[in-house]
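Reviewing the structure listed below.
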Amino acid sequence: MDKDINMALLFDTYGSILSDFQHDCLDMHYNQDFSLSEISDNVGKTRQGVYDSIKRSEQILKNLEKKLGFLKKTNDLKEKIDEIKKLISEMPDISGNLQTKEKIEEIKKTLNKIQF
């Protein structure tokens with residue numbers, strides 16, 4: 001996975017744990033695509049201070065994922081749900097058993113309600 005995309009996902013997962021300053025710097029850097037100079041101007045810190053904060057924040061997010069693994073678990077769960085949906089869609093039409101068809105439709109509806 002692209003490094004920036006992975007960091008943005010880590011930020012979405014764990015970003016609320018960061019200090020307001022760290023959160024704002026990462027948000028501007030990854031979500032708003034601001035340069036270090038633009039972030040520096042917005043937060044009133046030096047470019048080097050912003051850079052150091054971003055690097056420290058990235059390390060915090062990586063360590064949290066390493067210890068907790070929420071992002072990996074979420075991605076694994078999404079893959080399993082997609083696999084179940086695929087298997088259900090490939091099932092032959094079971095027209096002889098109405099109860100089975102109804103249960104399959106309930107399963108499909110339930111899977112489609114799962115949000116991440």
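Scheme for the structure tokens: letters A, B, ... for chains in order shown; per-chain residue numbers from 1; ligand numbers from 1 in order shown.
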Excluding Gln115 of chain A and residues on its chain fewer than 3 positions from it, collect all residues at most 10 Å away from it, counting only C-alpha atoms, and give them as a VMD selection string. chain A and resid 78 111 to 112
Can I get the selected residues back with N, CA and C atoms, as a CSV table (one decimal), in the first residue's frame?
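That gives us out-v4.csv:
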```csv
chain,number,residue,atom,x,y,z
A,78,LYS,N,-13.0,-6.6,6.4
A,78,LYS,CA,-13.5,-6.2,5.1
A,78,LYS,C,-13.3,-7.3,4.0
A,111,LEU,N,-25.0,-8.1,5.5
A,111,LEU,CA,-23.7,-7.8,5.1
A,111,LEU,C,-23.6,-6.4,4.5
A,112,ASN,N,-24.6,-6.0,3.8
A,112,ASN,CA,-24.6,-4.7,3.1
A,112,ASN,C,-24.8,-3.5,4.1
```
Give me, as JSON, numbers by chain, all polymer residues having an atom no more than 9 Å from Gln22 of chain A, counting only C-alpha atoms and skipping those fewer than 3 positions away in the same chain. {"A": [15, 18, 19, 25, 26, 27, 50, 53, 54, 56, 57]}
Skipping near chain neighbours, those fewer than 3 positions away, what residues fall within 12 Å of segment 42-48 of chain A using only C-alpha atoms, listed as an NGL selection string? :A and (20-26 or 28-29 or 34-39 or 51-55)
Save the residues we just selected, C-alpha atoms, as a PDB file, in the first residue's frame?
```pdb
ATOM      1  CA  ASP A  20      -4.246  19.012  18.945  1.00  0.00           C
ATOM      2  CA  PHE A  21      -1.021  20.351  17.427  1.00  0.00           C
ATOM      3  CA  GLN A  22       0.070  16.933  16.149  1.00  0.00           C
ATOM      4  CA  HIS A  23      -3.429  16.239  14.839  1.00  0.00           C
ATOM      5  CA  ASP A  24      -3.608  19.565  13.005  1.00  0.00           C
ATOM      6  CA  CYS A  25      -0.152  19.142  11.439  1.00  0.00           C
ATOM      7  CA  LEU A  26      -0.901  15.635  10.170  1.00  0.00           C
ATOM      8  CA  MET A  28      -2.871  19.540   6.926  1.00  0.00           C
ATOM      9  CA  HIS A  29      -0.027  17.374   5.627  1.00  0.00           C
ATOM     10  CA  PHE A  34      -0.189  21.389   2.601  1.00  0.00           C
ATOM     11  CA  SER A  35       3.562  21.860   2.310  1.00  0.00           C
ATOM     12  CA  LEU A  36       5.687  22.138   5.446  1.00  0.00           C
ATOM     13  CA  SER A  37       5.967  25.892   4.838  1.00  0.00           C
ATOM     14  CA  GLU A  38       2.200  26.293   4.561  1.00  0.00           C
ATOM     15  CA  ILE A  39       1.660  24.293   7.758  1.00  0.00           C
ATOM     16  CA  TYR A  51       8.598  18.469  10.317  1.00  0.00           C
ATOM     17  CA  ASP A  52       9.691  17.043  13.682  1.00  0.00           C
ATOM     18  CA  SER A  53       6.099  16.965  14.917  1.00  0.00           C
ATOM     19  CA  ILE A  54       4.913  15.139  11.801  1.00  0.00           C
ATOM     20  CA  LYS A  55       7.694  12.545  12.074  1.00  0.00           C
TER      21      LYS A  55
END
```
As JSON, numbers by chain, please: every residue in chain A that a backbone DSSP assignment puts in alpha helix (DSSP H). {"A": [3, 4, 5, 6, 7, 8, 9, 10, 11, 12, 13, 14, 20, 21, 22, 23, 24, 25, 26, 36, 37, 38, 39, 40, 41, 42, 43, 47, 48, 49, 50, 51, 52, 53, 54, 55, 56, 57, 58, 59, 60, 61, 62, 63, 64, 65, 66, 67, 68, 70, 71, 72, 73, 74, 75, 76, 77, 78, 79, 80, 81, 82, 83, 84, 85, 86, 87, 88, 89, 98, 99, 100, 101, 102, 103, 104, 105, 106, 107, 108, 109, 110, 111, 112, 113]}
Excluding Leu68 of chain A and its own-chain neighbours fewer than 6 positions away, which residues fall within 12 Å of it when counting only C-alpha atoms? Please give them as a PDB file with C-alpha atoms, in the first residue's frame.
```pdb
ATOM      1  CA  LEU A  10      -3.568   5.243  10.400  1.00  0.00           C
ATOM      2  CA  THR A  13      -7.923   5.231  12.911  1.00  0.00           C
ATOM      3  CA  TYR A  14      -5.775   6.662  15.706  1.00  0.00           C
ATOM      4  CA  ILE A  60       3.200   7.239  17.347  1.00  0.00           C
ATOM      5  CA  LEU A  61       0.575   6.059  14.839  1.00  0.00           C
ATOM      6  CA  LYS A  62       2.792   3.251  13.564  1.00  0.00           C
ATOM      7  CA  THR A  74     -10.541  -3.880   9.981  1.00  0.00           C
TER       8      THR A  74
END
```
Atom pair atom CA of Ala8 of chain A + atom CA of Glu58 of chain A, distance 9.8 Å
Return the single residue from A:Ile114, A:Ile17, A:Met7, A:Ile104 that is closest to Glu90 of chain A, with distances computed using only C-alpha atoms.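 Closest residue, counting only C-alpha atoms: A:Ile104.
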